[in-house]
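A.B. asks: I have a structure here, written as structure tokens, and I will follow up with some questions on it.
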Amino acid sequence: MLKTSDEDVRIIIRDVSKRFVLRHTHSFKETFVALIKRKKLATTFDALHDVDITIREGESVALLGYNGSGKSTLLKLISGVLRPDAGEVLTRGRIAGLIEVGAGFHPDLSGRENIYLNAAILGMSKKEIDERYDDIVEFSEIAQFIDTEVKHYSSGMFVRLAFAVAIHTTLDILLVDEVLAVGDEPFQKKCLDKIRELQSQGKTVVVVSHALDTVASLCSRGVLIEKGRVVFDGDSREAVARMRGK
Amino acid sequence: MSLKPSSGSAEFVHPGASRGLLDVFSHRYLLTLLIRKEVQVRYRGSVLGWLWSYVKPTAQFIVFFLALGVFLRLNATMEMYPIYLFSGLIVINFFNEAFSNGTRSIVDNGSLIKKIYLPREMFPVSSTIVAFVNFLPQLVVTIIVCLVVGWHPEPLQVLGVLVGLVIIAVLATGLGMFFGAINVSFRDSQNFVELIVLIVTWASPVLYPWTTVRDAAPDWLLQIYLTNPVTVAVELFHAGLWYPTTSGSPDLPPDLFAHAALGLAISLAVLALGQFVFRRLEGRFAQDL
């Protein structure tokens with residue numbers, strides 16, 4: 001068992017389980033009908049089972065698995081959006097989540113206003129945003145539309161801006177969920193280069209993606225999750241091979 | 001991009017664990033941006049824009065003034081009835097807006113809450129502050145009218161108005177957190193709040209003087225009526241803004257400052273209850289929205 005005092009540990013996931021309760025009835029009438037028909041009022045769904053993972057500083061981990069295996073749930077537990085039902089999640093340092101690009105963007109605000117709002121939502125101070133503002137705009141490559149309302153943006157422009165904001169936040173841990181598939185190929189390449197740059201600075205990166213070859217080259221470690229259980233934890237290429245082998 | 005390790009020596013924390021309302025004040029910059037966003041987008045796309053926040057209370061005032069002041073003759077029996085009516089109405093509107101927007105704030109910001117962790121108390125608190133921003137111009141209009149008809153502000157009157165504002169802000173935030181948290185799982189909550197909002201206007205002496213309740217209701221009911229924090233706030237506004245413009249013959253409720261202290265205490269208790277319930281239910285927000 002690892003101790004929390006280990007100096008280079010960033011994320012500790014210890015015996016974590018997460019269970020969702022799905023209510024089938026949403027009103028008195030439905031509950032009453034369900035009781036009479038002797039139907040179940042709710043079912044539980046175990047999204048994660050006794051997951052035990054420790055991630056260190058500078059490590060890049062790919063969470064692999066099919067749809068519904070619990071990868072995204074795990075990422076949300078690390079980001080603090082969800083809380084575990086059993087076990088505990090501990091993190092050290094600032095987390096920035098690319099959980100879904102553009103969450104928190106407001107269509108009626110301009111690109112500039114959205115940069116400030118979104119960066120603040122991701123935990124940046126005014127001073128930090130002021131310092132990085134030019135980098136963000138340059139990275140997004142949409143400087144000429146920056147004072148246009150975001151609702152007039154094409155989906156590609158929107159994604160570029162959102163990604164640019166998230167990638168420029170001050171962070172120790174970067175969580176990426178399925179956002180590598182955004183934008184055109186040159187922009188994707190730019191994003192991957194940026195993530196590699198963060199890796200070389202010793203940042204911790206956790207990625208969820210179905211682009212298996214991309215994540216295998218990006219991350220050295222792969223964790224394969226099946227029906228909420230960790231079935232493999234090791235070299236990312238081996239993890240991908242195991243996933244494809246089944 | 002900074003190259004130095006930004007917080008290499010930071011302590012381990014449980015992600016998503018918050019210090020409740022305290023966290024809102026440590027995220028002041030985000031709070032100001034959220035408020036600015038709400039204020040900016042509120043009337044976007046409408047020709048009248050922010051004039052709407054004057055048009056609505058004006059229309060409301062005219063309707064009540066005609067129905068109650070003219071047809072029911074309150075204007076003839078009460079001194080300075082228009083000022084009495086307006087100074088009370090703006091308090092009620094502030095409360096109702098903060099309360100009902102606070103109740104809906106969690107569900108309305110669901111897409112954000114589901115994806116990024118931030119102190120969720122942000123949303124009810126910003127609802128109250130946005131309602132306050134909306135309320136301020138109405139207060140300014142009231143003060144100007146009072147000054148024109150001969151009000152000379154005294155410190156105690158101004159203090160009373162400020163205490164009234166604090167009572168409303170704290171109470172509406174607490175109730176907004178309470179009902180907003182419940183609203184995530186049970187949308188009955190926002191319908192229930194609409195019902196409360198409907199009653200609040202009539203459950204305080206806004207349209208009629210409190211003396212009509214004194215004359216008609218038994219004493220125990222009157223005491224409950226006067227203890228309602230919203231009533232206290234409304235009466236503090238009347239005492240501060242309307243009463244000085246009269247000849248001094250109308251009756252103000254007895255022990256107003258004792259009631260103010262009690263009202264403040266009740267509001268703080270409601271805030272504490274709201275925070276407690278909010279924290280208990282917060283863990284389920286992201287999965288139930």
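Residues are referred to by chain and number: the chain letter is A, B, ... according to the order shown in the structure tokens, the number counts from 1 in that chain, and ligands are numbered separately from 1 in the order shown.
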Range 78-168 of chain A near range 189-210 of chain A within 9 Å: what's each residue's closest atom pair and its distance in Å to one decimal, counting only C-alpha atoms, ordered by chain then ascending residue number, as a Markdown table?
C.D. replies:
| residue | atom | partner | partner_atom | distance |
| --- | --- | --- | --- | --- |
| A:Phe139 | CA | A:Lys190 | CA | 8.7 |
| A:Phe163 | CA | A:Cys191 | CA | 8.1 |
| A:Ala164 | CA | A:Cys191 | CA | 8.6 |
| A:Ile167 | CA | A:Lys194 | CA | 7.7 |
A.B. asks: Generate a file of the selected residues that holds N, CA, C and O atoms, formatted as an mmCIF file, in the first residue's frame.
C.D. replies:
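The resulting file, out.cif, is reproduced below:
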data_model
loop_
_atom_site.group_PDB
_atom_site.id
_atom_site.type_symbol
_atom_site.label_atom_id
_atom_site.label_comp_id
_atom_site.auth_asym_id
_atom_site.auth_seq_id
_atom_site.Cartn_x
_atom_site.Cartn_y
_atom_site.Cartn_z
ATOM 1 N N PHE A 139 -2.956 30.332 -30.055
ATOM 2 C CA PHE A 139 -3.106 28.884 -30.199
ATOM 3 C C PHE A 139 -4.399 28.538 -30.931
ATOM 4 O O PHE A 139 -4.438 27.622 -31.744
ATOM 5 N N PHE A 163 -10.423 24.332 -26.515
ATOM 6 C CA PHE A 163 -9.223 23.552 -26.244
ATOM 7 C C PHE A 163 -8.062 24.471 -25.870
ATOM 8 O O PHE A 163 -7.289 24.181 -24.941
ATOM 9 N N ALA A 164 -7.966 25.589 -26.580
ATOM 10 C CA ALA A 164 -6.871 26.539 -26.314
ATOM 11 C C ALA A 164 -6.935 27.042 -24.876
ATOM 12 O O ALA A 164 -5.906 27.156 -24.204
ATOM 13 N N ILE A 167 -5.991 24.086 -22.350
ATOM 14 C CA ILE A 167 -4.614 23.636 -22.399
ATOM 15 C C ILE A 167 -3.653 24.683 -21.816
ATOM 16 O O ILE A 167 -2.517 24.379 -21.472
#
A.B. asks: Contacts from chain B to chain A, 6 Å maximum, only C-alpha atoms: show me the residue list as an MDAnalysis selection string.
C.D. replies: chainID B and resid 7 10:16 30 112 117
A.B. asks: Assign secondary structure with DSSP using the backbone only, and return the residues of range 49-193 of chain B in helix (DSSP H, G or I) as a ChimeraX atom specification.
C.D. replies: /B:49-71,74-77,81-108,110-113,122-148,155-185,188-193
A.B. asks: Kindly provide the residues of range 187-217 of chain B that approach range 174-178 of chain B to within 12 Å, each paired with its closest atom pair and their distance in Å to one decimal, based on only C-alpha atoms, listed by chain and increasing number, as a tab-separated table.
C.D. replies:
residue	atom	partner	partner_atom	distance
B:Ser189	CA	B:Phe178	CA	9.5
B:Gln190	CA	B:Gly176	CA	9.9
B:Val193	CA	B:Gly176	CA	9.2
B:Ile196	CA	B:Leu175	CA	11.0
B:Val197	CA	B:Leu175	CA	11.6
A.B. asks: For the selection you just gave me, I'd like the residues written to a file as an mmCIF file, in the first residue's frame, keeping all heavy atoms.
C.D. replies:
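Dumped everything to result_39.cif:
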data_model
loop_
_atom_site.group_PDB
_atom_site.id
_atom_site.type_symbol
_atom_site.label_atom_id
_atom_site.label_comp_id
_atom_site.auth_asym_id
_atom_site.auth_seq_id
_atom_site.Cartn_x
_atom_site.Cartn_y
_atom_site.Cartn_z
ATOM 1 N N SER B 189 -39.948 21.106 -6.576
ATOM 2 C CA SER B 189 -39.410 22.189 -5.783
ATOM 3 C C SER B 189 -39.645 23.549 -6.432
ATOM 4 O O SER B 189 -40.103 24.480 -5.793
ATOM 5 C CB SER B 189 -37.913 21.940 -5.569
ATOM 6 O OG SER B 189 -37.330 22.967 -4.857
ATOM 7 N N GLN B 190 -39.346 23.664 -7.747
ATOM 8 C CA GLN B 190 -39.481 24.988 -8.353
ATOM 9 C C GLN B 190 -40.935 25.411 -8.503
ATOM 10 O O GLN B 190 -41.252 26.594 -8.445
ATOM 11 C CB GLN B 190 -38.706 25.088 -9.663
ATOM 12 C CG GLN B 190 -39.216 24.295 -10.830
ATOM 13 C CD GLN B 190 -38.182 24.340 -11.969
ATOM 14 O OE1 GLN B 190 -37.009 24.047 -11.787
ATOM 15 N NE2 GLN B 190 -38.626 24.738 -13.147
ATOM 16 N N VAL B 193 -41.887 26.674 -5.125
ATOM 17 C CA VAL B 193 -41.343 28.009 -4.914
ATOM 18 C C VAL B 193 -42.190 29.065 -5.618
ATOM 19 O O VAL B 193 -42.441 30.141 -5.079
ATOM 20 C CB VAL B 193 -39.869 28.069 -5.372
ATOM 21 C CG1 VAL B 193 -39.377 29.504 -5.439
ATOM 22 C CG2 VAL B 193 -38.998 27.264 -4.423
ATOM 23 N N ILE B 196 -44.899 29.826 -3.328
ATOM 24 C CA ILE B 196 -44.484 30.674 -2.207
ATOM 25 C C ILE B 196 -44.379 32.128 -2.654
ATOM 26 O O ILE B 196 -44.878 33.043 -2.001
ATOM 27 C CB ILE B 196 -43.117 30.214 -1.647
ATOM 28 C CG1 ILE B 196 -43.203 28.784 -1.102
ATOM 29 C CG2 ILE B 196 -42.652 31.155 -0.537
ATOM 30 C CD1 ILE B 196 -41.879 28.256 -0.591
ATOM 31 N N VAL B 197 -43.752 32.302 -3.819
ATOM 32 C CA VAL B 197 -43.537 33.642 -4.346
ATOM 33 C C VAL B 197 -44.864 34.384 -4.537
ATOM 34 O O VAL B 197 -44.988 35.579 -4.294
ATOM 35 C CB VAL B 197 -42.741 33.534 -5.675
ATOM 36 C CG1 VAL B 197 -42.878 34.786 -6.508
ATOM 37 C CG2 VAL B 197 -41.278 33.231 -5.375
#
A.B. asks: Between A:Arg19, A:Asp46, A:Lys29, A:Gly65, which residue has the minimum interatomic distance to Ile225 in chain A, considering only C-alpha atoms?
C.D. replies: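 Distance minimum relative to Ile225 in chain A lands on A:Gly65.
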A.B. asks: Which residues are close to Leu136 in chain B, i.e. within 12 Å by only C-alpha atoms, leaving aside same-chain residues fewer than 2 positions away? Reply as number ranges by chain.
C.D. replies: B: 53-54, 90-91, 93-94, 129-134, 138-143, 165
A.B. asks: List the spatial neighbours of Val170 in chain B as a PyMOL selection string - criterion: any atom at most 12 Å away, only C-alpha atoms, same-chain residues fewer than 3 positions off excluded.
C.D. replies: chain B and resi 21+94-95+98-99+102+124-125+127-129+132+163-167+173-177+229-230+233+263-275
A.B. asks: Limited to N, CA and C atoms, could you put the picked residues into a file as a compact mmCIF listing (two decimals), in the first residue's frame?
C.D. replies:
# COMPACT_ATOMS: atom_id res chain seq x y z
N LEU B 21 -19.96 27.74 1.45
CA LEU B 21 -20.03 29.16 1.09
C LEU B 21 -18.68 29.85 1.18
N PHE B 94 -37.19 42.01 -5.13
CA PHE B 94 -35.80 41.58 -4.90
C PHE B 94 -35.80 40.17 -4.31
N PHE B 95 -36.62 39.99 -3.29
CA PHE B 95 -36.69 38.68 -2.64
C PHE B 95 -37.14 37.60 -3.64
N ALA B 98 -34.49 36.82 -6.39
CA ALA B 98 -33.32 36.10 -5.87
C ALA B 98 -33.71 34.67 -5.50
N PHE B 99 -34.85 34.52 -4.88
CA PHE B 99 -35.31 33.22 -4.41
C PHE B 99 -35.61 32.28 -5.58
N GLY B 102 -32.48 31.57 -7.68
CA GLY B 102 -31.59 30.71 -6.91
C GLY B 102 -32.05 29.27 -6.94
N PRO B 124 -26.42 29.81 -6.55
CA PRO B 124 -27.43 30.55 -5.78
C PRO B 124 -26.92 31.92 -5.32
N VAL B 125 -25.64 31.98 -4.94
CA VAL B 125 -25.11 33.27 -4.48
C VAL B 125 -25.13 34.28 -5.61
N SER B 127 -27.09 34.30 -8.15
CA SER B 127 -28.49 34.67 -8.43
C SER B 127 -28.93 35.81 -7.54
N THR B 128 -28.57 35.73 -6.27
CA THR B 128 -28.96 36.79 -5.33
C THR B 128 -28.30 38.11 -5.71
N ILE B 129 -27.02 38.04 -6.08
CA ILE B 129 -26.33 39.29 -6.40
C ILE B 129 -26.87 39.90 -7.70
N PHE B 132 -29.91 41.61 -6.94
CA PHE B 132 -29.59 42.87 -6.26
C PHE B 132 -29.23 43.95 -7.29
N VAL B 163 -30.18 47.05 6.95
CA VAL B 163 -30.47 45.79 7.64
C VAL B 163 -31.54 45.00 6.88
N GLY B 164 -32.56 45.73 6.40
CA GLY B 164 -33.61 45.09 5.61
C GLY B 164 -33.03 44.38 4.38
N LEU B 165 -32.10 45.05 3.71
CA LEU B 165 -31.47 44.45 2.53
C LEU B 165 -30.69 43.19 2.88
N VAL B 166 -29.96 43.27 4.00
CA VAL B 166 -29.17 42.10 4.43
C VAL B 166 -30.10 40.93 4.74
N ILE B 167 -31.19 41.21 5.44
CA ILE B 167 -32.15 40.16 5.78
C ILE B 167 -32.64 39.47 4.51
N THR B 173 -30.86 33.77 -0.29
CA THR B 173 -29.76 32.87 -0.63
C THR B 173 -29.95 31.52 0.07
N GLY B 174 -30.30 31.57 1.36
CA GLY B 174 -30.50 30.33 2.11
C GLY B 174 -31.63 29.50 1.52
N LEU B 175 -32.76 30.16 1.23
CA LEU B 175 -33.90 29.43 0.66
C LEU B 175 -33.56 28.94 -0.75
N GLY B 176 -32.83 29.77 -1.51
CA GLY B 176 -32.44 29.37 -2.86
C GLY B 176 -31.57 28.12 -2.84
N MET B 177 -30.64 28.05 -1.87
CA MET B 177 -29.78 26.87 -1.75
C MET B 177 -30.59 25.65 -1.35
N PRO B 229 -39.46 37.31 8.41
CA PRO B 229 -38.33 38.18 8.06
C PRO B 229 -38.62 39.10 6.86
N VAL B 230 -39.43 38.62 5.92
CA VAL B 230 -39.75 39.47 4.77
C VAL B 230 -40.57 40.67 5.24
N ALA B 233 -38.28 43.14 6.84
CA ALA B 233 -37.52 43.92 5.86
C ALA B 233 -38.40 44.99 5.22
N GLY B 263 -35.37 38.90 12.94
CA GLY B 263 -35.45 38.57 11.50
C GLY B 263 -34.09 38.21 10.94
N LEU B 264 -33.07 38.95 11.37
CA LEU B 264 -31.71 38.68 10.93
C LEU B 264 -31.27 37.29 11.42
N ALA B 265 -31.61 37.00 12.67
CA ALA B 265 -31.24 35.69 13.23
C ALA B 265 -31.93 34.56 12.47
N ILE B 266 -33.23 34.76 12.16
CA ILE B 266 -33.97 33.73 11.42
C ILE B 266 -33.34 33.53 10.03
N SER B 267 -33.00 34.66 9.38
CA SER B 267 -32.41 34.55 8.04
C SER B 267 -31.10 33.78 8.08
N LEU B 268 -30.28 34.07 9.09
CA LEU B 268 -29.00 33.37 9.21
C LEU B 268 -29.22 31.88 9.47
N ALA B 269 -30.26 31.57 10.28
CA ALA B 269 -30.57 30.17 10.55
C ALA B 269 -31.01 29.48 9.27
N VAL B 270 -31.81 30.19 8.45
CA VAL B 270 -32.25 29.61 7.17
C VAL B 270 -31.05 29.39 6.25
N LEU B 271 -30.11 30.34 6.27
CA LEU B 271 -28.90 30.19 5.46
C LEU B 271 -28.11 28.95 5.90
N ALA B 272 -28.00 28.78 7.22
CA ALA B 272 -27.26 27.62 7.75
C ALA B 272 -27.96 26.32 7.35
N LEU B 273 -29.30 26.32 7.43
CA LEU B 273 -30.06 25.14 7.03
C LEU B 273 -29.88 24.88 5.54
N GLY B 274 -29.95 25.96 4.74
CA GLY B 274 -29.78 25.83 3.30
C GLY B 274 -28.42 25.23 2.97
N GLN B 275 -27.39 25.74 3.62
CA GLN B 275 -26.03 25.23 3.40
C GLN B 275 -25.92 23.76 3.79
A.B. asks: From a DSSP pass on the backbone, collect the residues of range 30-238 of chain A flagged as strand (DSSP E or B) and hand them back as JSON, numbers by chain.
C.D. replies: {"A": [42, 43, 44, 45, 46, 47, 48, 49, 50, 51, 52, 53, 54, 55, 56, 60, 61, 62, 63, 64, 86, 87, 88, 89, 90, 91, 92, 95, 96, 97, 98, 110, 149, 173, 174, 175, 176, 177, 204, 205, 206, 207, 208, 221, 222, 223, 224, 225, 226, 229, 230, 231, 232, 233, 234, 235]}
